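Chemist: Got a structure for you, data-v8.pdb, holding PDB, C-alpha atoms.
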```pdb
ATOM      1  CA  MET A 177       5.380   1.666  -3.348  1.00  0.00           C
ATOM      2  CA  THR A 178       3.622   0.001  -2.136  1.00  0.00           C
ATOM      3  CA  LEU A 179       1.739   0.547  -0.414  1.00  0.00           C
ATOM      4  CA  SER A 180      -1.666  -1.365  -1.241  1.00  0.00           C
ATOM      5  CA  ARG A 181      -4.095  -2.626  -1.695  1.00  0.00           C
ATOM      6  CA  THR A 182      -1.760  -1.599  -3.216  1.00  0.00           C
ATOM      7  CA  VAL A 183      -3.389  -2.716  -4.911  1.00  0.00           C
ATOM      8  CA  GLN A 184      -6.670  -3.117  -5.107  1.00  0.00           C
ATOM      9  CA  ARG A 185      -9.680  -4.002  -3.350  1.00  0.00           C
ATOM     10  CA  THR A 186      -7.840  -2.582  -0.503  1.00  0.00           C
ATOM     11  CA  VAL A 187      -4.900  -1.244  -1.140  1.00  0.00           C
ATOM     12  CA  LEU A 188      -3.016  -0.853  -0.456  1.00  0.00           C
ATOM     13  CA  THR A 189      -3.633   2.276  -0.049  1.00  0.00           C
ATOM     14  CA  ALA A 190      -0.228   2.170   0.801  1.00  0.00           C
ATOM     15  CA  VAL A 191      -1.154   0.497   0.569  1.00  0.00           C
ATOM     16  CA  LEU A 192      -2.696   3.166  -0.519  1.00  0.00           C
ATOM     17  CA  LEU A 193       0.673   4.286  -0.597  1.00  0.00           C
ATOM     18  CA  SER A 194       2.124   1.103  -0.580  1.00  0.00           C
ATOM     19  CA  ALA A 195       0.020   0.570  -3.532  1.00  0.00           C
ATOM     20  CA  SER A 196       2.469   2.027  -5.829  1.00  0.00           C
ATOM     21  CA  THR A 197       5.068  -0.028  -4.150  1.00  0.00           C
ATOM     22  CA  LEU A 198       3.022  -3.095  -4.652  1.00  0.00           C
ATOM     23  CA  ALA A 199       2.892  -2.618  -8.367  1.00  0.00           C
ATOM     24  CA  VAL A 200       6.662  -2.973  -8.720  1.00  0.00           C
ATOM     25  CA  PRO A 201       7.551  -6.039 -10.765  1.00  0.00           C
ATOM     26  CA  SER A 202      10.232  -8.514  -9.849  1.00  0.00           C
ATOM     27  CA  THR A 203      13.373  -8.259 -11.892  1.00  0.00           C
ATOM     28  CA  ALA A 204      12.957 -11.968 -12.552  1.00  0.00           C
ATOM     29  CA  GLN A 205       9.560 -11.461 -14.160  1.00  0.00           C
ATOM     30  CA  ALA A 206       9.541 -12.948 -17.626  1.00  0.00           C
ATOM     31  CA  ALA A 207       6.720 -10.936 -19.147  1.00  0.00           C
ATOM     32  CA  PRO A 208       6.491  -7.146 -19.079  1.00  0.00           C
ATOM     33  CA  LEU A 209       3.879  -5.530 -16.879  1.00  0.00           C
ATOM     34  CA  PRO A 210       0.591  -4.723 -18.602  1.00  0.00           C
ATOM     35  CA  PRO A 211       0.267  -1.006 -19.508  1.00  0.00           C
ATOM     36  CA  ALA A 212      -2.274  -0.299 -16.744  1.00  0.00           C
ATOM     37  CA  CYS A 213       0.090  -1.829 -14.174  1.00  0.00           C
ATOM     38  CA  GLN A 214       2.942   0.308 -15.478  1.00  0.00           C
ATOM     39  CA  GLU A 215       0.659   3.314 -14.986  1.00  0.00           C
ATOM     40  CA  ALA A 216      -0.151   2.145 -11.458  1.00  0.00           C
ATOM     41  CA  LEU A 217       3.537   1.827 -10.691  1.00  0.00           C
ATOM     42  CA  LEU A 218       4.471   5.215 -12.080  1.00  0.00           C
ATOM     43  CA  GLU A 219       1.440   7.308 -11.194  1.00  0.00           C
ATOM     44  CA  THR A 220      -0.312   5.955  -8.093  1.00  0.00           C
ATOM     45  CA  LEU A 221       1.459   8.241  -5.669  1.00  0.00           C
ATOM     46  CA  ASP A 222       0.521  11.240  -7.832  1.00  0.00           C
ATOM     47  CA  LYS A 223      -3.133  10.230  -7.533  1.00  0.00           C
ATOM     48  CA  PHE A 224      -2.920  10.513  -3.728  1.00  0.00           C
ATOM     49  CA  PRO A 225      -1.577  14.057  -3.248  1.00  0.00           C
ATOM     50  CA  VAL A 226      -0.726  13.891   0.446  1.00  0.00           C
ATOM     51  CA  VAL A 227       0.814  16.875   2.179  1.00  0.00           C
ATOM     52  CA  ASP A 228       1.867  15.568   5.597  1.00  0.00           C
ATOM     53  CA  PHE A 229       1.549  11.783   5.384  1.00  0.00           C
ATOM     54  CA  THR A 230       4.962  10.148   5.111  1.00  0.00           C
ATOM     55  CA  VAL A 231       6.136   6.589   4.584  1.00  0.00           C
ATOM     56  CA  PRO A 232       9.361   6.115   6.556  1.00  0.00           C
ATOM     57  CA  ASP A 233      12.293   4.997   4.408  1.00  0.00           C
ATOM     58  CA  LYS A 234      12.692   1.778   6.379  1.00  0.00           C
ATOM     59  CA  ALA A 235       9.032   0.871   5.760  1.00  0.00           C
ATOM     60  CA  LYS A 236       9.284   1.831   2.093  1.00  0.00           C
ATOM     61  CA  ASN A 237      12.412  -0.274   1.613  1.00  0.00           C
ATOM     62  CA  THR A 238      10.943  -3.236   3.483  1.00  0.00           C
ATOM     63  CA  MET A 239       7.769  -3.200   1.389  1.00  0.00           C
ATOM     64  CA  LEU A 240       9.787  -2.848  -1.803  1.00  0.00           C
ATOM     65  CA  GLY A 241      11.881  -5.850  -0.769  1.00  0.00           C
ATOM     66  CA  GLN A 242       8.717  -7.875  -0.212  1.00  0.00           C
ATOM     67  CA  VAL A 243       7.391  -6.863  -3.626  1.00  0.00           C
ATOM     68  CA  LEU A 244      10.641  -7.714  -5.363  1.00  0.00           C
ATOM     69  CA  GLY A 245      10.489 -11.124  -3.709  1.00  0.00           C
ATOM     70  CA  LEU A 246       7.078 -12.016  -5.130  1.00  0.00           C
ATOM     71  CA  SER A 247       6.923 -15.288  -6.996  1.00  0.00           C
ATOM     72  CA  GLU A 248       5.892 -15.482 -10.639  1.00  0.00           C
ATOM     73  CA  ALA A 249       2.594 -17.013  -9.531  1.00  0.00           C
ATOM     74  CA  GLU A 250       1.949 -14.077  -7.197  1.00  0.00           C
ATOM     75  CA  GLN A 251       2.811 -11.611  -9.944  1.00  0.00           C
ATOM     76  CA  GLU A 252      -0.004 -13.049 -12.038  1.00  0.00           C
ATOM     77  CA  ALA A 253      -2.379 -10.862  -9.993  1.00  0.00           C
ATOM     78  CA  LEU A 254      -0.919  -7.867 -11.838  1.00  0.00           C
ATOM     79  CA  THR A 255      -3.369  -7.985 -14.731  1.00  0.00           C
ATOM     80  CA  GLU A 256      -4.485  -5.240 -17.093  1.00  0.00           C
ATOM     81  CA  VAL A 257      -8.070  -5.475 -15.819  1.00  0.00           C
ATOM     82  CA  ALA A 258      -7.108  -5.296 -12.135  1.00  0.00           C
ATOM     83  CA  CYS A 259      -4.636  -2.459 -12.584  1.00  0.00           C
ATOM     84  CA  ALA A 260      -7.027  -0.487 -14.814  1.00  0.00           C
ATOM     85  CA  ALA A 261      -9.743  -0.811 -12.173  1.00  0.00           C
ATOM     86  CA  TRP A 262      -7.259   0.365  -9.546  1.00  0.00           C
ATOM     87  CA  ASN A 263      -6.155   3.323 -11.668  1.00  0.00           C
ATOM     88  CA  THR A 264      -9.744   4.462 -12.222  1.00  0.00           C
ATOM     89  CA  TRP A 265     -10.608   4.120  -8.551  1.00  0.00           C
ATOM     90  CA  ALA A 266      -7.429   5.917  -7.451  1.00  0.00           C
ATOM     91  CA  THR A 267      -8.092   8.797  -9.853  1.00  0.00           C
ATOM     92  CA  GLN A 268     -11.665   9.176  -8.637  1.00  0.00           C
ATOM     93  CA  ASN A 269     -10.917   8.820  -4.918  1.00  0.00           C
ATOM     94  CA  GLY A 270      -7.310   9.948  -4.560  1.00  0.00           C
ATOM     95  CA  GLN A 271      -7.975  13.399  -3.145  1.00  0.00           C
ATOM     96  CA  ALA A 272     -10.384  12.120  -0.488  1.00  0.00           C
ATOM     97  CA  VAL A 273      -7.970   9.346   0.498  1.00  0.00           C
ATOM     98  CA  ALA A 274      -5.064  11.806   0.661  1.00  0.00           C
ATOM     99  CA  THR A 275      -7.048  14.180   2.858  1.00  0.00           C
ATOM    100  CA  ASP A 276      -7.965  11.308   5.191  1.00  0.00           C
ATOM    101  CA  LEU A 277      -4.353  10.103   5.352  1.00  0.00           C
ATOM    102  CA  ASP A 278      -3.079  13.606   6.106  1.00  0.00           C
ATOM    103  CA  THR A 279      -5.662  14.190   8.828  1.00  0.00           C
ATOM    104  CA  ARG A 280      -5.016  10.855  10.511  1.00  0.00           C
ATOM    105  CA  TYR A 281      -1.249  11.318  10.216  1.00  0.00           C
ATOM    106  CA  ARG A 282      -1.381  14.782  11.812  1.00  0.00           C
ATOM    107  CA  ASN A 283      -3.586  13.489  14.638  1.00  0.00           C
ATOM    108  CA  ALA A 284      -1.582  10.340  15.398  1.00  0.00           C
ATOM    109  CA  ALA A 285       0.971  10.343  18.174  1.00  0.00           C
ATOM    110  CA  GLY A 286       4.638  10.310  17.203  1.00  0.00           C
ATOM    111  CA  PRO A 287       7.056   8.784  16.357  1.00  0.00           C
ATOM    112  CA  VAL A 288       6.790   8.760  12.575  1.00  0.00           C
ATOM    113  CA  CYS A 289       6.586   4.953  12.452  1.00  0.00           C
ATOM    114  CA  ASN A 290       3.430   5.054  14.565  1.00  0.00           C
ATOM    115  CA  LYS A 291       1.928   7.925  12.595  1.00  0.00           C
ATOM    116  CA  PHE A 292       2.548   6.026   9.341  1.00  0.00           C
ATOM    117  CA  ALA A 293       1.337   2.629  10.540  1.00  0.00           C
ATOM    118  CA  ARG A 294      -1.804   3.783  12.328  1.00  0.00           C
ATOM    119  CA  SER A 295      -2.925   6.342   9.745  1.00  0.00           C
ATOM    120  CA  SER A 296      -2.293   3.933   6.857  1.00  0.00           C
ATOM    121  CA  MET A 297      -4.294   1.134   8.438  1.00  0.00           C
ATOM    122  CA  ALA A 298      -7.208   3.349   9.465  1.00  0.00           C
ATOM    123  CA  THR A 299      -7.454   4.847   5.985  1.00  0.00           C
ATOM    124  CA  ILE A 300      -7.146   1.483   4.274  1.00  0.00           C
ATOM    125  CA  LYS A 301      -9.923   0.056   6.427  1.00  0.00           C
ATOM    126  CA  LYS A 302     -12.121   3.030   5.630  1.00  0.00           C
ATOM    127  CA  TYR A 303     -11.663   2.926   1.862  1.00  0.00           C
ATOM    128  CA  ALA A 304     -11.065  -0.790   1.183  1.00  0.00           C
ATOM    129  CA  PRO A 305     -14.742  -1.684   0.857  1.00  0.00           C
ATOM    130  CA  GLY A 306     -15.137   0.734  -2.059  1.00  0.00           C
ATOM    131  CA  VAL A 307     -12.254  -0.523  -4.163  1.00  0.00           C
ATOM    132  CA  PRO A 308     -13.510  -2.384  -7.275  1.00  0.00           C
ATOM    133  CA  ALA A 309     -14.116  -6.125  -7.181  1.00  0.00           C
ATOM    134  CA  GLU A 310     -11.780  -6.547 -10.177  1.00  0.00           C
ATOM    135  CA  THR A 311      -8.892  -5.862  -7.825  1.00  0.00           C
ATOM    136  CA  ARG A 312      -9.529  -8.715  -5.371  1.00  0.00           C
ATOM    137  CA  GLU A 313      -6.446 -10.696  -6.424  1.00  0.00           C
ATOM    138  CA  LEU A 314      -4.372  -7.552  -6.045  1.00  0.00           C
ATOM    139  CA  GLU A 315      -5.884  -7.092  -2.609  1.00  0.00           C
ATOM    140  CA  LYS A 316      -4.681 -10.544  -1.577  1.00  0.00           C
ATOM    141  CA  LEU A 317      -1.218  -9.660  -2.816  1.00  0.00           C
ATOM    142  CA  ALA A 318      -1.265  -6.299  -1.042  1.00  0.00           C
ATOM    143  CA  LYS A 319      -2.345  -7.930   2.208  1.00  0.00           C
ATOM    144  CA  LYS A 320       0.518 -10.416   1.974  1.00  0.00           C
ATOM    145  CA  VAL A 321       3.069  -7.697   1.283  1.00  0.00           C
ATOM    146  CA  TRP A 322       1.667  -5.512   4.060  1.00  0.00           C
ATOM    147  CA  SER A 323       1.524  -8.307   6.645  1.00  0.00           C
ATOM    148  CA  ASP A 324       4.986  -9.651   5.845  1.00  0.00           C
ATOM    149  CA  SER A 325       6.446  -6.132   5.812  1.00  0.00           C
ATOM    150  CA  MET A 326       4.917  -5.112   9.127  1.00  0.00           C
ATOM    151  CA  ALA A 327       6.046  -8.379  10.757  1.00  0.00           C
ATOM    152  CA  LYS A 328       9.585  -7.809   9.514  1.00  0.00           C
ATOM    153  CA  LEU A 329       9.578  -4.168  10.616  1.00  0.00           C
ATOM    154  CA  ALA A 330       8.276  -5.148  14.067  1.00  0.00           C
ATOM    155  CA  ALA A 331      10.934  -7.827  14.445  1.00  0.00           C
ATOM    156  CA  GLU A 332      13.724  -5.462  13.446  1.00  0.00           C
ATOM    157  CA  ALA A 333      12.537  -2.327  15.252  1.00  0.00           C
ATOM    158  CA  THR A 334      14.902  -1.049  17.923  1.00  0.00           C
ATOM    159  CA  ASN A 335      12.358   1.527  19.102  1.00  0.00           C
ATOM    160  CA  ALA A 336       9.663   0.022  21.336  1.00  0.00           C
ATOM    161  CA  ASP A 337       7.009   2.439  20.040  1.00  0.00           C
ATOM    162  CA  CYS A 338       7.732   1.402  16.456  1.00  0.00           C
ATOM    163  CA  ARG A 339       7.674  -2.277  17.369  1.00  0.00           C
ATOM    164  CA  THR A 340       4.281  -1.786  19.032  1.00  0.00           C
ATOM    165  CA  ALA A 341       2.917   0.192  16.076  1.00  0.00           C
ATOM    166  CA  TYR A 342       4.008  -2.348  13.447  1.00  0.00           C
ATOM    167  CA  ASN A 343       2.718  -5.258  15.532  1.00  0.00           C
ATOM    168  CA  ALA A 344      -0.634  -3.494  15.952  1.00  0.00           C
ATOM    169  CA  VAL A 345      -1.220  -3.245  12.191  1.00  0.00           C
ATOM    170  CA  LYS A 346       0.512  -6.335  10.834  1.00  0.00           C
ATOM    171  CA  ALA A 347      -2.710  -8.343  10.617  1.00  0.00           C
ATOM    172  CA  GLY A 348      -3.850  -5.901   7.947  1.00  0.00           C
ATOM    173  CA  TRP A 349      -7.349  -4.951   7.012  1.00  0.00           C
TER     174      TRP A 349
END
```
Taking this structure as input, can you express it in the form of structure tokens?
Modeler:
Amino acid sequence: MTLSRTVQRTVLTAVLLSASTLAVPSTAQAAPLPPACQEALLETLDKFPVVDFTVPDKAKNTMLGQVLGLSEAEQEALTEVACAAWNTWATQNGQAVATDLDTRYRNAAGPVCNKFARSSMATIKKYAPGVPAETRELEKLAKKVWSDSMAKLAAEATNADCRTAYNAVKAGW
């Protein structure tokens, strides 16, 4: 998941974390994912060894649904060059990003939805400028997935704190 910038020039960190979510291909995709994108899908979360940071299941499932709904044209951003650049960046910066996510998550006020949303966005904004230029198309895709996911989560949230948190970060980075 997925979660991104996933994805690259920003990613999704979830986007960092959503980054891995963002690399998931649609089942309707005609061509297989390039090897570097398969690596991003399978290994991104391992490159960000968080201890406390958590992506709520509802957020994870919503982002995955957005990714699975990507059009073939949108999936064209998943190139070998972009994913390889992401993989290299994530390997080199994963520990620092994970530490930042954990710290922000621990310091954010509950509930979990707020901790996730606020810490994700703050970390993405901090690290997005350093993600390689080769990932710019992935960044656009990650921003779309993030924005659409947060809007959907805000609209469906029964908890007012969660609704506020998702609305506060839906514009993205």
Chemist: Taking 3 positions as the minimum chain separation for residues in the same chain, which residues sit within 9 Å of Cys213 in chain A when counting all atoms listed in the file? Answer as a list of chain:residue names.
Modeler: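 The residues that qualify are A:Ala199, A:Val200, A:Leu209, A:Pro210, A:Ala216, A:Leu217, A:Leu218, A:Leu254, A:Thr255, A:Glu256, A:Ala258, A:Cys259, A:Ala260, A:Trp262, A:Asn263.
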Chemist: As an MDAnalysis selection string, please: the residues near Glu219 in chain A (cut-off 10 Å, all atoms listed in the file, same-chain neighbours under 4 positions excluded).
Modeler: chainID A and resid 196 213:215 223:224 263 266:267
Chemist: Please, what distance in Å, to one decimal, runs between CA of Val273 in chain A and CA of Thr299 in chain A?
Modeler: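 Answer for the CA of Val273 in chain A to CA of Thr299 in chain A separation: 7.1 Å.
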Chemist: With only C-alpha atoms as the atoms that count, which of A:Gln268, A:Leu317, A:Arg294, A:Ile300 lies nearest to Ala344 in chain A?
Modeler: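 Closest residue, counting only C-alpha atoms: A:Arg294.
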Chemist: Using the chain letters and numbers from the file, give me the residues hit by the PyMOL selection byres ((chain A and resi 284) around 12), as a PyMOL selection string.
Modeler: chain A and resi 228-229+277-283+285-298+341
Chemist: How many Å separate CA of Thr275 in chain A from CA of Asp222 in chain A?
Modeler: 13.4 Å
Chemist: Tell me which of A:Ala331, A:Val321, A:Ala261, A:Val307 sits closest to Gln242 in chain A, counting all atoms listed in the file.
Modeler: A:Val321
Chemist: Given the PyMOL selection byres ((chain A and resi 235) around 10) and the file above, list the residues it selects as a PDB file with C-alpha atoms, keeping the file's coordinate frame.
Modeler:
```pdb
ATOM      1  CA  MET A 177       5.380   1.666  -3.348  1.00  0.00           C
ATOM      2  CA  THR A 178       3.622   0.001  -2.136  1.00  0.00           C
ATOM      3  CA  LEU A 179       1.739   0.547  -0.414  1.00  0.00           C
ATOM      4  CA  SER A 194       2.124   1.103  -0.580  1.00  0.00           C
ATOM      5  CA  VAL A 231       6.136   6.589   4.584  1.00  0.00           C
ATOM      6  CA  PRO A 232       9.361   6.115   6.556  1.00  0.00           C
ATOM      7  CA  ASP A 233      12.293   4.997   4.408  1.00  0.00           C
ATOM      8  CA  LYS A 234      12.692   1.778   6.379  1.00  0.00           C
ATOM      9  CA  LYS A 236       9.284   1.831   2.093  1.00  0.00           C
ATOM     10  CA  ASN A 237      12.412  -0.274   1.613  1.00  0.00           C
ATOM     11  CA  THR A 238      10.943  -3.236   3.483  1.00  0.00           C
ATOM     12  CA  MET A 239       7.769  -3.200   1.389  1.00  0.00           C
ATOM     13  CA  LEU A 240       9.787  -2.848  -1.803  1.00  0.00           C
ATOM     14  CA  GLY A 241      11.881  -5.850  -0.769  1.00  0.00           C
ATOM     15  CA  CYS A 289       6.586   4.953  12.452  1.00  0.00           C
ATOM     16  CA  PHE A 292       2.548   6.026   9.341  1.00  0.00           C
ATOM     17  CA  ALA A 293       1.337   2.629  10.540  1.00  0.00           C
ATOM     18  CA  TRP A 322       1.667  -5.512   4.060  1.00  0.00           C
ATOM     19  CA  SER A 325       6.446  -6.132   5.812  1.00  0.00           C
ATOM     20  CA  MET A 326       4.917  -5.112   9.127  1.00  0.00           C
ATOM     21  CA  LYS A 328       9.585  -7.809   9.514  1.00  0.00           C
ATOM     22  CA  LEU A 329       9.578  -4.168  10.616  1.00  0.00           C
ATOM     23  CA  TYR A 342       4.008  -2.348  13.447  1.00  0.00           C
TER      24      TYR A 342
END
```
Chemist: If I take CA of Gly270 in chain A and CA of Lys316 in chain A, how far is one from the other in Å, to one decimal?
Modeler: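 Between CA of Gly270 in chain A and CA of Lys316 in chain A the gap is 20.9 Å.
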Chemist: Which of these, A:Val345, A:Ala330, A:Ala253, A:Ala274, has the shortest distance to Arg312 in chain A once you count only C-alpha atoms?
Modeler: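 Once distances to Arg312 in chain A are computed over only C-alpha atoms, the minimum belongs to A:Ala253.
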